[in-house]
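S.K.: Next comes the structure file protein00.csv, holding CSV, N, CA and C atoms.
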chain,number,residue,atom,x,y,z
T,1,MET,N,-15.4,5.7,19.9
T,1,MET,CA,-15.0,4.4,19.4
T,1,MET,C,-13.6,4.5,18.7
T,2,GLU,N,-12.7,3.6,19.0
T,2,GLU,CA,-11.4,3.6,18.5
T,2,GLU,C,-11.4,3.1,17.0
T,3,PRO,N,-10.6,3.8,16.1
T,3,PRO,CA,-10.6,3.3,14.7
T,3,PRO,C,-10.0,2.0,14.6
T,4,LYS,N,-10.5,1.2,13.6
T,4,LYS,CA,-9.9,-0.1,13.4
T,4,LYS,C,-8.6,0.0,12.6
T,5,ASN,N,-7.7,-1.0,12.8
T,5,ASN,CA,-6.5,-1.1,12.1
T,5,ASN,C,-6.5,-2.3,11.2
T,6,VAL,N,-6.1,-2.1,10.0
T,6,VAL,CA,-6.1,-3.2,9.0
T,6,VAL,C,-4.7,-3.3,8.4
T,7,LEU,N,-4.3,-4.5,8.0
T,7,LEU,CA,-3.0,-4.7,7.3
T,7,LEU,C,-3.3,-5.1,5.9
T,8,VAL,N,-2.7,-4.4,4.9
T,8,VAL,CA,-2.8,-4.8,3.5
T,8,VAL,C,-1.4,-5.2,3.1
T,9,ILE,N,-1.3,-6.4,2.5
T,9,ILE,CA,0.0,-6.9,2.1
T,9,ILE,C,0.1,-6.7,0.5
T,10,GLY,N,1.0,-5.9,0.1
T,10,GLY,CA,1.3,-5.7,-1.3
T,10,GLY,C,0.9,-4.3,-1.7
T,11,GLY,N,1.8,-3.5,-2.2
T,11,GLY,CA,1.6,-2.1,-2.6
T,11,GLY,C,1.4,-1.9,-4.0
T,12,GLY,N,0.9,-2.9,-4.8
T,12,GLY,CA,0.6,-2.7,-6.2
T,12,GLY,C,-0.7,-2.0,-6.3
T,13,ILE,N,-1.3,-1.9,-7.5
T,13,ILE,CA,-2.5,-1.1,-7.7
T,13,ILE,C,-3.6,-1.7,-6.9
T,14,ALA,N,-3.7,-3.0,-6.8
T,14,ALA,CA,-4.8,-3.7,-6.0
T,14,ALA,C,-4.7,-3.4,-4.5
T,15,GLY,N,-3.4,-3.5,-4.0
T,15,GLY,CA,-3.2,-3.2,-2.6
T,15,GLY,C,-3.4,-1.7,-2.2
T,16,MET,N,-3.0,-0.8,-3.1
T,16,MET,CA,-3.2,0.6,-2.9
T,16,MET,C,-4.7,1.0,-2.9
T,17,THR,N,-5.4,0.4,-3.9
T,17,THR,CA,-6.8,0.6,-4.0
T,17,THR,C,-7.6,0.1,-2.7
T,18,ALA,N,-7.2,-1.1,-2.3
T,18,ALA,CA,-7.9,-1.6,-1.1
T,18,ALA,C,-7.6,-0.7,0.1
T,19,ALA,N,-6.3,-0.3,0.3
T,19,ALA,CA,-5.9,0.6,1.4
T,19,ALA,C,-6.7,1.9,1.3
T,20,TRP,N,-6.8,2.5,0.1
T,20,TRP,CA,-7.4,3.8,0.0
T,20,TRP,C,-8.9,3.7,0.3
T,21,GLU,N,-9.6,2.6,-0.2
T,21,GLU,CA,-11.0,2.5,0.1
T,21,GLU,C,-11.2,2.3,1.6
T,22,LEU,N,-10.4,1.5,2.3
T,22,LEU,CA,-10.5,1.3,3.7
T,22,LEU,C,-10.3,2.7,4.4
T,23,ALA,N,-9.3,3.4,4.0
T,23,ALA,CA,-8.9,4.7,4.6
T,23,ALA,C,-10.1,5.7,4.5
T,24,GLU,N,-10.7,5.6,3.3
T,24,GLU,CA,-11.9,6.5,3.1
T,24,GLU,C,-13.0,6.2,4.0
T,25,ALA,N,-13.1,5.0,4.5
T,25,ALA,CA,-14.1,4.5,5.5
T,25,ALA,C,-13.7,4.8,6.9
T,26,GLY,N,-12.5,5.4,7.1
T,26,GLY,CA,-12.0,5.8,8.4
T,26,GLY,C,-11.2,4.8,9.1
T,27,VAL,N,-10.7,3.8,8.4
T,27,VAL,CA,-9.9,2.7,8.9
T,27,VAL,C,-8.4,3.1,8.8
T,28,ASN,N,-7.6,2.8,9.8
T,28,ASN,CA,-6.2,3.0,9.7
T,28,ASN,C,-5.6,1.8,9.0
T,29,VAL,N,-4.8,2.0,7.9
T,29,VAL,CA,-4.3,0.9,7.1
T,29,VAL,C,-2.7,0.9,7.1
T,30,HIS,N,-2.2,-0.2,7.5
T,30,HIS,CA,-0.7,-0.4,7.4
T,30,HIS,C,-0.5,-1.2,6.1
T,31,LEU,N,0.2,-0.6,5.1
T,31,LEU,CA,0.4,-1.1,3.8
T,31,LEU,C,1.8,-1.6,3.7
T,32,VAL,N,2.0,-2.9,3.7
T,32,VAL,CA,3.3,-3.6,3.7
T,32,VAL,C,3.7,-3.9,2.2
T,33,GLU,N,4.8,-3.4,1.8
T,33,GLU,CA,5.3,-3.7,0.5
T,33,GLU,C,6.8,-4.1,0.6
T,34,LYS,N,7.1,-5.3,-0.1
T,34,LYS,CA,8.5,-5.8,0.0
T,34,LYS,C,9.5,-5.0,-0.8
T,35,SER,N,9.1,-4.3,-1.8
T,35,SER,CA,10.1,-3.5,-2.6
T,35,SER,C,10.2,-2.2,-1.9
T,36,GLY,N,11.0,-1.3,-2.5
T,36,GLY,CA,11.2,0.0,-1.9
T,36,GLY,C,10.3,1.1,-2.5
T,37,PHE,N,9.3,0.7,-3.2
T,37,PHE,CA,8.4,1.6,-3.8
T,37,PHE,C,7.0,1.0,-4.0
T,38,LEU,N,6.0,1.9,-4.0
T,38,LEU,CA,4.6,1.5,-4.2
T,38,LEU,C,4.3,1.5,-5.7
T,39,GLY,N,3.3,0.8,-6.1
T,39,GLY,CA,2.9,0.8,-7.5
T,39,GLY,C,3.0,-0.5,-8.3
T,40,GLY,N,3.9,-1.4,-7.7
T,40,GLY,CA,4.1,-2.7,-8.4
T,40,GLY,C,4.6,-2.6,-9.8
T,41,HIS,N,4.4,-3.6,-10.6
T,41,HIS,CA,4.8,-3.5,-12.0
T,41,HIS,C,4.1,-2.5,-12.8
T,42,ALA,N,2.9,-2.2,-12.5
T,42,ALA,CA,2.1,-1.2,-13.3
T,42,ALA,C,2.6,0.2,-13.2
T,43,ILE,N,3.4,0.5,-12.2
T,43,ILE,CA,3.9,1.9,-12.1
T,43,ILE,C,4.9,2.2,-13.2
T,44,GLN,N,5.5,1.1,-13.8
T,44,GLN,CA,6.4,1.3,-14.9
T,44,GLN,C,5.8,1.6,-16.2
T,45,TYR,N,4.5,1.3,-16.4
T,45,TYR,CA,3.8,1.6,-17.6
T,45,TYR,C,3.6,3.1,-17.8
T,46,THR,N,3.6,3.5,-19.1
T,46,THR,CA,3.4,4.9,-19.3
T,46,THR,C,2.3,5.0,-20.5
T,47,CYS,N,1.5,6.0,-20.4
T,47,CYS,CA,0.5,6.2,-21.4
T,47,CYS,C,1.1,7.1,-22.5
T,48,LYS,N,0.8,6.8,-23.7
T,48,LYS,CA,1.3,7.5,-24.9
T,48,LYS,C,0.5,8.7,-25.3
T,49,ALA,N,-0.6,9.0,-24.6
T,49,ALA,CA,-1.5,10.1,-24.9
T,49,ALA,C,-0.9,11.4,-24.5
T,50,ALA,N,-1.2,12.4,-25.3
T,50,ALA,CA,-0.7,13.8,-25.0
T,50,ALA,C,-1.4,14.3,-23.7
T,51,ALA,N,-2.7,14.0,-23.5
T,51,ALA,CA,-3.4,14.4,-22.4
T,51,ALA,C,-3.9,13.2,-21.7
T,52,GLU,N,-4.5,13.4,-20.5
T,52,GLU,CA,-5.0,12.3,-19.7
T,52,GLU,C,-6.1,11.5,-20.5
T,53,CYS,N,-6.0,10.2,-20.5
T,53,CYS,CA,-7.0,9.4,-21.2
T,53,CYS,C,-7.7,8.4,-20.3
T,54,LEU,N,-8.7,7.8,-20.8
T,54,LEU,CA,-9.4,6.7,-20.0
T,54,LEU,C,-9.3,5.4,-20.8
T,55,GLN,N,-8.3,5.3,-21.7
T,55,GLN,CA,-8.2,4.1,-22.5
T,55,GLN,C,-7.4,2.9,-21.9
T,56,CYS,N,-6.2,3.2,-21.6
T,56,CYS,CA,-5.3,2.1,-21.1
T,56,CYS,C,-5.3,1.9,-19.6
T,57,GLY,N,-5.6,2.9,-18.9
T,57,GLY,CA,-5.5,2.8,-17.4
T,57,GLY,C,-4.2,3.0,-16.8
T,58,ALA,N,-3.1,3.3,-17.6
T,58,ALA,CA,-1.8,3.4,-17.0
T,58,ALA,C,-1.7,4.6,-16.0
T,59,CYS,N,-2.5,5.6,-16.3
T,59,CYS,CA,-2.5,6.8,-15.4
T,59,CYS,C,-3.2,6.6,-14.1
T,60,SER,N,-4.0,5.5,-14.0
T,60,SER,CA,-4.7,5.2,-12.7
T,60,SER,C,-3.8,4.9,-11.6
T,61,VAL,N,-2.6,4.3,-11.9
T,61,VAL,CA,-1.7,3.9,-10.9
T,61,VAL,C,-1.1,5.1,-10.2
T,62,GLU,N,-0.7,6.1,-11.0
T,62,GLU,CA,-0.1,7.3,-10.4
T,62,GLU,C,-1.2,8.1,-9.6
T,63,LYS,N,-2.4,8.1,-10.1
T,63,LYS,CA,-3.5,8.8,-9.3
T,63,LYS,C,-3.7,8.1,-8.0
T,64,MET,N,-3.7,6.7,-8.0
T,64,MET,CA,-3.9,6.0,-6.7
T,64,MET,C,-2.7,6.2,-5.8
T,65,LEU,N,-1.5,6.3,-6.3
T,65,LEU,CA,-0.3,6.5,-5.5
T,65,LEU,C,-0.5,7.9,-4.8
T,66,LYS,N,-0.9,8.9,-5.6
T,66,LYS,CA,-1.1,10.2,-5.0
T,66,LYS,C,-2.2,10.1,-3.8
T,67,ASN,N,-3.3,9.4,-4.1
T,67,ASN,CA,-4.3,9.2,-3.0
T,67,ASN,C,-3.7,8.6,-1.8
T,68,VAL,N,-2.9,7.6,-2.0
T,68,VAL,CA,-2.3,6.8,-0.8
T,68,VAL,C,-1.4,7.8,0.0
T,69,VAL,N,-0.5,8.5,-0.7
T,69,VAL,CA,0.5,9.3,-0.1
T,69,VAL,C,-0.2,10.5,0.7
T,70,GLU,N,-1.3,11.0,0.1
T,70,GLU,CA,-2.0,12.1,0.8
T,70,GLU,C,-2.9,11.7,1.9
T,71,SER,N,-3.2,10.4,2.0
T,71,SER,CA,-4.2,10.0,3.0
T,71,SER,C,-3.5,10.0,4.4
T,72,GLY,N,-4.3,10.5,5.4
T,72,GLY,CA,-3.7,10.5,6.7
T,72,GLY,C,-4.0,9.2,7.5
T,73,HIS,N,-4.6,8.2,6.8
T,73,HIS,CA,-5.0,6.9,7.4
T,73,HIS,C,-4.2,5.8,6.9
T,74,ILE,N,-3.3,6.0,5.9
T,74,ILE,CA,-2.5,4.9,5.3
T,74,ILE,C,-1.0,5.1,5.7
T,75,PHE,N,-0.5,4.0,6.2
T,75,PHE,CA,0.9,4.0,6.7
T,75,PHE,C,1.7,3.0,5.9
T,76,PRO,N,2.4,3.5,4.9
T,76,PRO,CA,3.2,2.5,4.1
T,76,PRO,C,4.5,2.0,4.8
T,77,HIS,N,4.7,0.8,4.6
T,77,HIS,CA,6.0,0.2,5.2
T,77,HIS,C,6.7,-0.4,4.0
T,78,LEU,N,7.7,0.3,3.4
T,78,LEU,CA,8.4,-0.1,2.3
T,78,LEU,C,9.6,-1.0,2.6
T,79,SER,N,10.0,-1.8,1.7
T,79,SER,CA,11.2,-2.7,1.9
T,79,SER,C,10.9,-3.5,3.2
T,80,THR,N,9.7,-4.0,3.4
T,80,THR,CA,9.2,-4.7,4.6
T,80,THR,C,8.5,-6.0,4.2
T,81,GLU,N,8.6,-7.0,5.0
T,81,GLU,CA,7.9,-8.2,4.8
T,81,GLU,C,7.2,-8.7,6.1
T,82,VAL,N,6.1,-9.4,5.9
T,82,VAL,CA,5.4,-10.0,7.1
T,82,VAL,C,6.3,-11.2,7.6
T,83,GLU,N,6.6,-11.1,8.9
T,83,GLU,CA,7.4,-12.2,9.5
T,83,GLU,C,6.5,-13.3,10.1
T,84,THR,N,5.5,-12.8,10.9
T,84,THR,CA,4.6,-13.8,11.6
T,84,THR,C,3.2,-13.2,11.7
T,85,ILE,N,2.2,-14.1,11.7
T,85,ILE,CA,0.8,-13.7,11.9
T,85,ILE,C,0.3,-14.7,13.0
T,86,GLN,N,-0.2,-14.1,14.1
T,86,GLN,CA,-0.7,-15.0,15.2
T,86,GLN,C,-2.2,-14.5,15.4
T,87,LYS,N,-3.0,-15.5,15.7
T,87,LYS,CA,-4.4,-15.2,16.0
T,87,LYS,C,-4.6,-15.5,17.5
T,88,LYS,N,-4.9,-14.4,18.2
T,88,LYS,CA,-5.2,-14.5,19.7
T,88,LYS,C,-6.4,-13.6,19.9
T,89,GLY,N,-7.6,-14.1,19.6
T,89,GLY,CA,-8.8,-13.2,19.6
T,89,GLY,C,-8.8,-12.4,18.4
T,90,GLY,N,-7.9,-11.4,18.3
T,90,GLY,CA,-7.7,-10.6,17.0
T,90,GLY,C,-6.4,-11.2,16.4
T,91,TYR,N,-5.8,-10.4,15.6
T,91,TYR,CA,-4.5,-10.9,15.0
T,91,TYR,C,-3.4,-10.0,15.4
T,92,THR,N,-2.2,-10.6,15.6
T,92,THR,CA,-1.0,-9.9,15.9
T,92,THR,C,0.0,-10.2,14.7
T,93,VAL,N,0.5,-9.2,14.1
T,93,VAL,CA,1.4,-9.4,12.9
T,93,VAL,C,2.7,-8.7,13.3
T,94,THR,N,3.8,-9.5,12.9
T,94,THR,CA,5.1,-9.0,13.1
T,94,THR,C,5.7,-8.7,11.7
T,95,ILE,N,6.1,-7.5,11.5
T,95,ILE,CA,6.7,-7.2,10.2
T,95,ILE,C,8.2,-6.9,10.4
T,96,LYS,N,9.0,-7.1,9.3
T,96,LYS,CA,10.4,-6.9,9.4
T,96,LYS,C,10.9,-6.1,8.2
T,97,LYS,N,11.6,-5.0,8.5
T,97,LYS,CA,12.1,-4.1,7.5
T,97,LYS,C,13.4,-4.7,7.0
T,98,LYS,N,13.6,-4.8,5.6
T,98,LYS,CA,14.8,-5.4,5.1
T,98,LYS,C,15.9,-4.3,5.2
T,99,HIS,N,17.1,-4.8,5.4
T,99,HIS,CA,18.2,-3.9,5.5
T,99,HIS,C,18.8,-3.7,4.1
T,100,SER,N,19.0,-2.4,3.8
T,100,SER,CA,19.6,-2.2,2.5
T,100,SER,C,21.1,-2.3,2.5
T,101,VAL,N,21.7,-2.8,1.4
T,101,VAL,CA,23.1,-3.0,1.4
T,101,VAL,C,23.7,-1.9,0.4
T,102,HIS,N,24.6,-1.2,0.9
T,102,HIS,CA,25.2,-0.1,0.0
T,102,HIS,C,26.6,-0.5,-0.4
Spell out the structure here as structure tokens.
M.R.:
Amino acid sequence: MEPKNVLVIGGGIAGMTAAWELAEAGVNVHLVEKSGFLGGHAIQYTCKAAAECLQCGACSVEKMLKNVVESGHIFPHLSTEVETIQKKGGYTVTIKKKHSVH
């Protein structure tokens, strides 16, 4: 049986968690994020504890980022946006990578 393919839009903590859970179930996940990095706004938060804590959850974003990067079933598409979605039996999605200006 061929593995299923799923598209997750948004590479913040919620999108990364959804992608990782699906990947753990053997699903191939295309993770589309409009910015150039995963983690959303939460990746900017830092914990003030000297050691890992379970109080604020700031460290959970970095842990999930590591899980996503190490997964062989998650394919991040950074600086990318969904252009079209068409339903023909299943779904066909067109994504477009943004061009960077230097």
S.K.: Leaving out T:Val82 and any residue of its chain fewer than 2 positions from it, which residues lie within 8 Å of it when counting all atoms listed in the file, given as number ranges by chain?
M.R.: T: 9, 32-34, 80, 84-85, 93-97
S.K.: Please, what distance in Å, to one decimal, runs between atom CA of T:Gly72 and atom CA of T:Gly36?
M.R.: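 Calculated distance between atom CA of T:Gly72 and atom CA of T:Gly36 is 20.2 Å.
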S.K.: What are the DSSP strand (DSSP E or B) residues of stretch 11-94 of chain T, as a list of chain:residue names?
M.R.: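 Of stretch 11-94 of chain T, the ones in strand (DSSP E or B) are T:Asn28, T:Val29, T:His30, T:Leu31, T:Val32, T:Ile74, T:Phe75, T:Pro76, T:His77, T:Thr80, T:Glu81, T:Val82, T:Glu83, T:Thr84, T:Ile85, T:Gln86, T:Lys87, T:Lys88, T:Gly90, T:Tyr91, T:Thr92, T:Val93, T:Thr94.
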S.K.: Which residues are close to T:Pro76, i.e. within 6 Å by only N, CA and C atoms, leaving aside same-chain residues fewer than 2 positions away? Reply as a list in words.
M.R.: His30, Leu31, Val32, Ile74 and Leu78 of chain T
S.K.: Please produce a file of those selected residues containing N, CA and C atoms, as an mmCIF file, keeping the file's coordinate frame.
M.R.:
data_model
loop_
_atom_site.group_PDB
_atom_site.id
_atom_site.type_symbol
_atom_site.label_atom_id
_atom_site.label_comp_id
_atom_site.auth_asym_id
_atom_site.auth_seq_id
_atom_site.Cartn_x
_atom_site.Cartn_y
_atom_site.Cartn_z
ATOM 1 N N HIS T 30 -2.200 -0.200 7.500
ATOM 2 C CA HIS T 30 -0.700 -0.400 7.400
ATOM 3 C C HIS T 30 -0.500 -1.200 6.100
ATOM 4 N N LEU T 31 0.200 -0.600 5.100
ATOM 5 C CA LEU T 31 0.400 -1.100 3.800
ATOM 6 C C LEU T 31 1.800 -1.600 3.700
ATOM 7 N N VAL T 32 2.000 -2.900 3.700
ATOM 8 C CA VAL T 32 3.300 -3.600 3.700
ATOM 9 C C VAL T 32 3.700 -3.900 2.200
ATOM 10 N N ILE T 74 -3.300 6.000 5.900
ATOM 11 C CA ILE T 74 -2.500 4.900 5.300
ATOM 12 C C ILE T 74 -1.000 5.100 5.700
ATOM 13 N N LEU T 78 7.700 0.300 3.400
ATOM 14 C CA LEU T 78 8.400 -0.100 2.300
ATOM 15 C C LEU T 78 9.600 -1.000 2.600
#
S.K.: Quick one, how far is atom CA of T:Val29 from atom N of T:Val8?
M.R.: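 Between these atoms lies a distance of 6.0 Å.
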S.K.: In Å to one decimal, how far is atom CA of T:Glu24 from atom CA of T:Gly90?
M.R.: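 Those two atoms sit 22.4 Å apart.
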S.K.: Looking at only C-alpha atoms, which of T:Lys4, T:Lys66, T:Lys87, T:Lys98 is the one that sits closest to T:Met16?
M.R.: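 For T:Met16, the nearest of the candidates is T:Lys66.
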S.K.: Residues proximal to (-2.6, 7.7, -4.5) were defined as those with any atom within 10 Å of that point in the file's coordinates, counting only C-alpha atoms. Which are they, as JSON, numbers by chain?
M.R.: {"T": [13, 16, 17, 19, 20, 38, 39, 60, 61, 62, 63, 64, 65, 66, 67, 68, 69, 70, 71]}
S.K.: Export N, CA and C atoms of the chosen residues as a JSON list (two decimals), in the frame of the given file?
M.R.:
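Contents of again-v4.json, freshly written:
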[["chain", "number", "residue", "atom", "x", "y", "z"],
["T", 13, "ILE", "N", -1.30, -1.90, -7.50],
["T", 13, "ILE", "CA", -2.50, -1.10, -7.70],
["T", 13, "ILE", "C", -3.60, -1.70, -6.90],
["T", 16, "MET", "N", -3.00, -0.80, -3.10],
["T", 16, "MET", "CA", -3.20, 0.60, -2.90],
["T", 16, "MET", "C", -4.70, 1.00, -2.90],
["T", 17, "THR", "N", -5.40, 0.40, -3.90],
["T", 17, "THR", "CA", -6.80, 0.60, -4.00],
["T", 17, "THR", "C", -7.60, 0.10, -2.70],
["T", 19, "ALA", "N", -6.30, -0.30, 0.30],
["T", 19, "ALA", "CA", -5.90, 0.60, 1.40],
["T", 19, "ALA", "C", -6.70, 1.90, 1.30],
["T", 20, "TRP", "N", -6.80, 2.50, 0.10],
["T", 20, "TRP", "CA", -7.40, 3.80, 0.00],
["T", 20, "TRP", "C", -8.90, 3.70, 0.30],
["T", 38, "LEU", "N", 6.00, 1.90, -4.00],
["T", 38, "LEU", "CA", 4.60, 1.50, -4.20],
["T", 38, "LEU", "C", 4.30, 1.50, -5.70],
["T", 39, "GLY", "N", 3.30, 0.80, -6.10],
["T", 39, "GLY", "CA", 2.90, 0.80, -7.50],
["T", 39, "GLY", "C", 3.00, -0.50, -8.30],
["T", 60, "SER", "N", -4.00, 5.50, -14.00],
["T", 60, "SER", "CA", -4.70, 5.20, -12.70],
["T", 60, "SER", "C", -3.80, 4.90, -11.60],
["T", 61, "VAL", "N", -2.60, 4.30, -11.90],
["T", 61, "VAL", "CA", -1.70, 3.90, -10.90],
["T", 61, "VAL", "C", -1.10, 5.10, -10.20],
["T", 62, "GLU", "N", -0.70, 6.10, -11.00],
["T", 62, "GLU", "CA", -0.10, 7.30, -10.40],
["T", 62, "GLU", "C", -1.20, 8.10, -9.60],
["T", 63, "LYS", "N", -2.40, 8.10, -10.10],
["T", 63, "LYS", "CA", -3.50, 8.80, -9.30],
["T", 63, "LYS", "C", -3.70, 8.10, -8.00],
["T", 64, "MET", "N", -3.70, 6.70, -8.00],
["T", 64, "MET", "CA", -3.90, 6.00, -6.70],
["T", 64, "MET", "C", -2.70, 6.20, -5.80],
["T", 65, "LEU", "N", -1.50, 6.30, -6.30],
["T", 65, "LEU", "CA", -0.30, 6.50, -5.50],
["T", 65, "LEU", "C", -0.50, 7.90, -4.80],
["T", 66, "LYS", "N", -0.90, 8.90, -5.60],
["T", 66, "LYS", "CA", -1.10, 10.20, -5.00],
["T", 66, "LYS", "C", -2.20, 10.10, -3.80],
["T", 67, "ASN", "N", -3.30, 9.40, -4.10],
["T", 67, "ASN", "CA", -4.30, 9.20, -3.00],
["T", 67, "ASN", "C", -3.70, 8.60, -1.80],
["T", 68, "VAL", "N", -2.90, 7.60, -2.00],
["T", 68, "VAL", "CA", -2.30, 6.80, -0.80],
["T", 68, "VAL", "C", -1.40, 7.80, 0.00],
["T", 69, "VAL", "N", -0.50, 8.50, -0.70],
["T", 69, "VAL", "CA", 0.50, 9.30, -0.10],
["T", 69, "VAL", "C", -0.20, 10.50, 0.70],
["T", 70, "GLU", "N", -1.30, 11.00, 0.10],
["T", 70, "GLU", "CA", -2.00, 12.10, 0.80],
["T", 70, "GLU", "C", -2.90, 11.70, 1.90],
["T", 71, "SER", "N", -3.20, 10.40, 2.00],
["T", 71, "SER", "CA", -4.20, 10.00, 3.00],
["T", 71, "SER", "C", -3.50, 10.00, 4.40]]
S.K.: Go through T:Ala58, T:Gly40, T:His73, T:His99 and flag the residue nearest T:Gly26, using all atoms listed in the file for the distances.
M.R.: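 Among the listed residues, the smallest separation from T:Gly26 belongs to T:His73.
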S.K.: Pick out the closest residue to T:Gly10 from this set: T:Ser35, T:Gln44, T:Gln86, T:Thr92. Count only C-alpha atoms.
M.R.: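 That would be T:Ser35, the residue with the smallest distance to T:Gly10.
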S.K.: For each of T:His77, T:Tyr91, T:His41, T:Glu83, take the minimum atom-to-atom distance to T:Ala14, counting only C-alpha atoms, then give the residue where this is smallest.
M.R.: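 Using only C-alpha atoms, T:Ala14 sits closest to T:His41.
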